[in-house]
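*Asks:* Pasting a structure below so you can have a look.
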Amino acid sequence: MSNSHALIGEETEQIGLKTRAEKTKLIAAAGVGNFLEIFDFTVYSFFAAIIGRVFFPSDNPLVSLLIAVSVFGVGFIMRPLGSILIGAYADRKGRKSAMLLTIMLMAAGSALIGFAPPYEMIGWAAPMLIVLGRLLQGFSAGGEIGAATTLLMESAGKNERGFFVSWQFIGQGLSSMCGALFGAGLTYFLSDEALHSWGWRVPFIFALLIIPVGLYIRAHINETFVGAEHDDATGATNPVKELVTTHFRQFFIAIFMVMPMTLLMYIMVFYMPTYLKEITAMDATMSYMISAATSIVMIIFALLAGLACDRLPKRKPLALTIIAISLISSWMSFQLVAQFWPFFISLLVTIAALGALLTTGLLIIMEAFPRSVRASATAMTYGIGVTIFGGTAQIVVTWLLEITNKNPMAPFWYLGVMLVIAFIAYALFKEERYI
């Protein structure tokens with residue numbers, strides 16, 4: 001059996017990084033792109049109400065918000081295409097080349113959103129620029145997690161995979177925390193007029209300043225796998241074709257395994273400030289600070305889950321337990337939203353479960369596919385799952401709040417059903433551990 005298709009236990013060869021400096025460089029290279037991807041998505045979510053009024057004016061503020069979150073969802077349309085093209089590129093030309101491409105596309109999307117003139121200045125051309133920026137961001141994001149997370153996993157020793165993969169989600173937690181702190185700071189220090197005029201643009205411009213650093217770091221890392229070198233041994237000249245023909249059952253179920261982490265992230269983290277402002281009397285600054293606190297919890301539990309995975313022979317029981325906890329705690333969060341401290345504690349438990357599930361769930365998926373299709377499998381399951389469920393999450397919950405006259409439990413009616421479906425998907429998935 002070739003190295004690229006061998007299961008752990010049959011073949012034990014690992015690439016493994018030797019020095020702490022090598023590990024730090026790799027983690028930084030993989031994390032910076034994911035940080036930027038989630039940061040831009042976070043601040044768009046946090047400032048969706050303002051963006052709606054600036055670019056999609058309406059007499060009804062909730063209608064402007066609904067259009068703005070719909071445009072947020074537009075970016076997800078490109079994620080499957082990005083996951084297919086960039087994922088296959090990573091499996092053929094290498095993880096490093098794909099990571100350089102994704103970060104440049106992210107920069108273009110952020111620049112379009114950050115510098116787009118308002119509707120009152122150029123009319124319908126303004127929202128079209130926002131849509132184009134979101135499409136570029138979505139295409140980039142579709143391939144980013146496949147290339148970057150695969151690079152992390154393949155660079156780790158067999159007992160370090162969970163730890164390495166957890167850093168991808170530690171980066172997500174840091175980015176959502178930074179986005180929340182930007183939101184809190186800007187809403188606290190700026191007037192409403194300044195915030196609507198230019199303040200909301202600051203985070204997008206900040207993201208652009210990180211791009212050169214990310215490009216430099218990614219240009220100076222080592223490649224872990226170039227598909228062309230292994231084609232004769234594996235026959236994987238078309239990774240996408242091999243994935244959907246040879247591994248279709250695992251691939252299909254994996255999409256539903258991505259669903260719970262996606263919905264929990266986009267509803268309980270990204271949408272929560274908007275939800276709290278709509279449902280309660282909580283001011284914007286406090287809602288952003290709550291999001292920052294939840295991000296810290298997500299970081300901690302993503303790392304703890306990674307360390308736990310490295311010590312467990314099987315990861316599925318842990319994942320199933322986490323989903324059950326998230327179902328109960330998210331129900332409590334919406335049930336107790338009017339009672340600050342009980343709500344806050346139940347929300348933190350939900351986010352802790354999310355952080356643990358991000359690392360555990362994606363590691364289960366990645367290890368179940370051989371190296372020749374791993375980047376494509378990771379990118380496509382994540383990209384399609386996030387598109388279907390993440391891209392529609394805010395639209396669905398905003399619509400549910402609208403038709404139920406802002407019933408606090410409305411978002412859970414959607415989230416709860418989906419978590420039950422996700423539990424079934426994890427139970428059906430065949431857990432394997434390829435090198």
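Residue names in the structure tokens use chain letters A, B, ... in the order shown, residue numbers from 1 in each chain, and ligand numbers from 1 in the order shown.
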Each residue of stretch 291-345 of chain A with at least one atom at most 12 Å from stretch 22-44 of chain A should appear once, together with its nearest atom pair and the corresponding distance in Å (one decimal); atoms considered: only C-alpha atoms; ordering: chain, then increasing residue number; output as JSON lines.
*Replies:*
{"residue": "A:Ser291", "atom": "CA", "partner": "A:Thr42", "partner_atom": "CA", "distance": 10.2}
{"residue": "A:Ala292", "atom": "CA", "partner": "A:Thr42", "partner_atom": "CA", "distance": 11.1}
{"residue": "A:Ser295", "atom": "CA", "partner": "A:Thr42", "partner_atom": "CA", "distance": 11.2}
*Asks:* Within 8 Å of A:Pro273, counting only C-alpha atoms, which residues show up once you throw out same-chain ones fewer than 5 positions away? Write them as a PDB file with C-alpha atoms, in the first residue's frame, please.
*Replies:*
ATOM      1  CA  PHE A  46     -21.186  42.705  13.431  1.00  0.00           C
ATOM      2  CA  ALA A 284     -24.102  47.430  21.210  1.00  0.00           C
ATOM      3  CA  SER A 287     -23.092  42.712  23.061  1.00  0.00           C
ATOM      4  CA  TYR A 288     -19.702  42.978  21.345  1.00  0.00           C
ATOM      5  CA  SER A 291     -18.820  38.036  21.710  1.00  0.00           C
TER       6      SER A 291
END
*Asks:* Nearest to A:Ile51 among A:Leu195, A:Ile145, A:Met298, A:Leu152, with distances taken over only C-alpha atoms: which residue is it?
*Replies:*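 When distances to A:Ile51 are compared using only C-alpha atoms, the smallest one comes from A:Leu195.
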*Asks:* Report the distance between atom CA of A:Ala379 and atom CA of A:Phe206 in Å, rounded to one decimal place.
*Replies:*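 Computed distance, atom CA of A:Ala379 to atom CA of A:Phe206, equals 26.6 Å.
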*Asks:* At most 6 Å is the cut-off: for each residue in stretch 331-389 of chain A with any atom that close to an atom of stretch 78-92 of chain A, write down the nearest atom pair and the distance in Å rounded to one decimal, counting only C-alpha atoms, chain first then increasing number, as a Markdown table.
*Replies:*
| residue | atom | partner | partner_atom | distance |
| --- | --- | --- | --- | --- |
| A:Ala375 | CA | A:Gly87 | CA | 5.3 |
| A:Ser376 | CA | A:Gly87 | CA | 4.2 |
| A:Ala379 | CA | A:Ser83 | CA | 4.8 |
| A:Met380 | CA | A:Ser83 | CA | 4.9 |
| A:Gly383 | CA | A:Pro80 | CA | 5.0 |
| A:Ile384 | CA | A:Pro80 | CA | 5.1 |
*Asks:* At a cut-off of 10 Å, using only C-alpha atoms, what residues contact A:Ile421? Leave out same-chain residues fewer than 5 positions from it and give the result as an NGL selection string.
*Replies:* :A and (256-257 or 259-260 or 416 or 426)
*Asks:* Hey, can you spit out that residue selection with C-alpha atoms as a short mmCIF file (atom, residue, chain, number, x, y, z; two decimals), in the first residue's frame?
*Replies:*
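Saved to again_33.cif:
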data_model
loop_
_atom_site.label_atom_id
_atom_site.label_comp_id
_atom_site.auth_asym_id
_atom_site.auth_seq_id
_atom_site.Cartn_x
_atom_site.Cartn_y
_atom_site.Cartn_z
CA PHE A 256 -23.58 17.19 7.50
CA MET A 257 -20.76 16.84 10.02
CA MET A 259 -23.16 21.64 9.66
CA PRO A 260 -23.20 21.86 13.50
CA GLY A 416 -31.96 22.50 17.42
CA TYR A 426 -21.52 11.64 13.12
#
*Asks:* Please provide the set of residues having any atom within 7 Å of stretch 262-265 of chain A, restricted to only C-alpha atoms, with same-chain residues fewer than 5 positions apart removed, written as a PDB file with N, CA and C atoms, in the first residue's frame.
*Replies:*
ATOM      1  N   PHE A 270     -21.300  34.910  15.491  1.00  0.00           N
ATOM      2  CA  PHE A 270     -21.363  36.035  14.567  1.00  0.00           C
ATOM      3  C   PHE A 270     -22.681  36.798  14.638  1.00  0.00           C
ATOM      4  N   LEU A 354     -18.606  24.368  20.904  1.00  0.00           N
ATOM      5  CA  LEU A 354     -18.254  24.717  19.526  1.00  0.00           C
ATOM      6  C   LEU A 354     -16.753  24.615  19.306  1.00  0.00           C
ATOM      7  N   VAL A 386     -20.560  24.847   4.704  1.00  0.00           N
ATOM      8  CA  VAL A 386     -20.666  26.238   5.153  1.00  0.00           C
ATOM      9  C   VAL A 386     -21.579  27.029   4.216  1.00  0.00           C
ATOM     10  N   PHE A 389     -25.345  25.778   4.955  1.00  0.00           N
ATOM     11  CA  PHE A 389     -25.848  26.031   6.305  1.00  0.00           C
ATOM     12  C   PHE A 389     -25.380  27.376   6.877  1.00  0.00           C
ATOM     13  N   GLY A 390     -24.103  27.712   6.697  1.00  0.00           N
ATOM     14  CA  GLY A 390     -23.620  28.996   7.196  1.00  0.00           C
ATOM     15  C   GLY A 390     -24.132  30.170   6.381  1.00  0.00           C
ATOM     16  N   ALA A 393     -27.769  30.745   7.401  1.00  0.00           N
ATOM     17  CA  ALA A 393     -28.120  30.777   8.824  1.00  0.00           C
ATOM     18  C   ALA A 393     -28.689  32.119   9.255  1.00  0.00           C
ATOM     19  N   LEU A 415     -31.817  25.837  14.773  1.00  0.00           N
ATOM     20  CA  LEU A 415     -30.554  25.277  15.237  1.00  0.00           C
ATOM     21  C   LEU A 415     -30.736  23.903  15.880  1.00  0.00           C
TER      22      LEU A 415
END
*Asks:* Work out how far apart atom CA of A:Ala377 and atom CA of A:Ala148 are and give it in Å to one decimal.
*Replies:*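 One can read the atom CA of A:Ala377 to atom CA of A:Ala148 distance as 12.9 Å.
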*Asks:* Run DSSP on the backbone and tell me which residues of stretch 137-366 of chain A come out as alpha helix (DSSP H); list them as a PyMOL selection string.
*Replies:* chain A and resi 137-155+161-189+192-197+202-219+231-234+239-246+248-263+272-279+284-309+316-335+340-366
*Asks:* Check the smallest atom-to-atom distance from each of A:Val244, A:Thr150, A:Ile253, A:Ile395 to A:Val74 using only C-alpha atoms, then report the winner.
*Replies:* A:Ile395
*Asks:* Between atom CA of A:Glu120 and atom CA of A:Pro203, what is the distance, to one decimal in Å?
*Replies:* 21.9 Å
*Asks:* Do you know which residues are at most 12 Å from A:Pro212 counting only C-alpha atoms, after dropping those on the same chain fewer than 2 positions away, and could you put them as a list in words?
*Replies:*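 My list of contacting residues is Ala29, Val32, Gly33, Leu36, Leu100, Ile103, Met104, Met106, Ala107, Phe206, Ala207, Leu208, Leu209, Ile210, Gly214, Leu215, Tyr216, Ile217, Arg218 and Ala219 of chain A.
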*Asks:* Which polymer residues have any atom within 12 Å of an atom of A:Val349, counting only C-alpha atoms, with same-chain residues fewer than 5 positions away left out, as an MDAnalysis selection string?
*Replies:* chainID A and resid 264 268 293:295 297:298 300:301 322:333 342:344 354:356
*Asks:* Only N, CA and C atoms, please: the residues just picked out, written as a tab-separated table (two decimals), in the first residue's frame.
*Replies:*
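The file below, again.tsv, is the result:
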chain	number	residue	atom	x	y	z
A	264	LEU	N	-23.44	26.72	14.71
A	264	LEU	CA	-23.09	27.27	16.03
A	264	LEU	C	-22.22	28.51	15.89
A	268	MET	N	-24.39	31.54	17.01
A	268	MET	CA	-24.06	31.81	18.41
A	268	MET	C	-22.90	32.80	18.60
A	293	ALA	N	-15.75	37.68	24.76
A	293	ALA	CA	-15.58	36.68	25.82
A	293	ALA	C	-15.83	35.27	25.29
A	294	THR	N	-16.84	35.11	24.46
A	294	THR	CA	-17.11	33.78	23.91
A	294	THR	C	-15.97	33.30	23.00
A	295	SER	N	-15.32	34.24	22.32
A	295	SER	CA	-14.20	33.87	21.46
A	295	SER	C	-13.03	33.32	22.28
A	297	VAL	N	-13.27	31.72	25.10
A	297	VAL	CA	-13.66	30.37	25.50
A	297	VAL	C	-13.48	29.40	24.34
A	298	MET	N	-13.83	29.82	23.13
A	298	MET	CA	-13.68	28.97	21.96
A	298	MET	C	-12.21	28.61	21.73
A	300	ILE	N	-9.78	28.41	23.98
A	300	ILE	CA	-9.33	27.48	25.02
A	300	ILE	C	-9.79	26.06	24.73
A	301	PHE	N	-11.05	25.91	24.38
A	301	PHE	CA	-11.59	24.56	24.20
A	301	PHE	C	-11.20	23.95	22.86
A	322	ILE	N	-20.09	16.14	22.52
A	322	ILE	CA	-20.05	17.59	22.34
A	322	ILE	C	-21.34	18.10	21.69
A	323	ILE	N	-21.84	17.39	20.68
A	323	ILE	CA	-23.06	17.81	20.00
A	323	ILE	C	-24.25	17.78	20.97
A	324	ALA	N	-24.31	16.73	21.80
A	324	ALA	CA	-25.40	16.64	22.78
A	324	ALA	C	-25.35	17.81	23.76
A	325	ILE	N	-24.14	18.17	24.21
A	325	ILE	CA	-23.98	19.31	25.12
A	325	ILE	C	-24.40	20.61	24.45
A	326	SER	N	-24.01	20.77	23.19
A	326	SER	CA	-24.34	22.01	22.48
A	326	SER	C	-25.84	22.14	22.25
A	327	LEU	N	-26.52	21.02	22.05
A	327	LEU	CA	-27.97	21.05	21.88
A	327	LEU	C	-28.65	21.57	23.15
A	328	ILE	N	-28.26	21.04	24.29
A	328	ILE	CA	-28.87	21.44	25.56
A	328	ILE	C	-28.51	22.87	25.92
A	329	SER	N	-27.24	23.22	25.80
A	329	SER	CA	-26.79	24.55	26.23
A	329	SER	C	-27.29	25.66	25.32
A	330	SER	N	-27.42	25.39	24.00
A	330	SER	CA	-27.95	26.42	23.11
A	330	SER	C	-29.43	26.66	23.37
A	331	TRP	N	-30.17	25.57	23.69
A	331	TRP	CA	-31.58	25.73	24.07
A	331	TRP	C	-31.68	26.62	25.32
A	332	MET	N	-30.82	26.39	26.29
A	332	MET	CA	-30.84	27.19	27.51
A	332	MET	C	-30.48	28.65	27.22
A	333	SER	N	-29.56	28.87	26.30
A	333	SER	CA	-29.14	30.24	25.97
A	333	SER	C	-30.32	31.07	25.48
A	342	PRO	N	-27.51	33.87	33.81
A	342	PRO	CA	-27.81	32.51	33.32
A	342	PRO	C	-27.62	32.38	31.81
A	343	PHE	N	-28.05	33.41	31.08
A	343	PHE	CA	-27.86	33.40	29.63
A	343	PHE	C	-26.38	33.36	29.28
A	344	PHE	N	-25.59	34.19	29.94
A	344	PHE	CA	-24.16	34.31	29.65
A	344	PHE	C	-23.45	32.98	29.91
A	354	LEU	N	-18.61	24.37	20.90
A	354	LEU	CA	-18.25	24.72	19.53
A	354	LEU	C	-16.75	24.61	19.31
A	355	GLY	N	-15.97	25.21	20.20
A	355	GLY	CA	-14.52	25.17	20.06
A	355	GLY	C	-14.00	23.75	20.02
A	356	ALA	N	-14.53	22.90	20.90
A	356	ALA	CA	-14.10	21.50	20.94
A	356	ALA	C	-14.52	20.77	19.67
*Asks:* Would you list the contacts of A:Gly75 as a list of chain:residue names, taking every protein, DNA or RNA residue within 6 Å and counting only C-alpha atoms, but skipping same-chain residues closer than 5 positions in sequence?
*Replies:*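 My list of contacting residues is A:Arg134, A:Leu135, A:Gly138.
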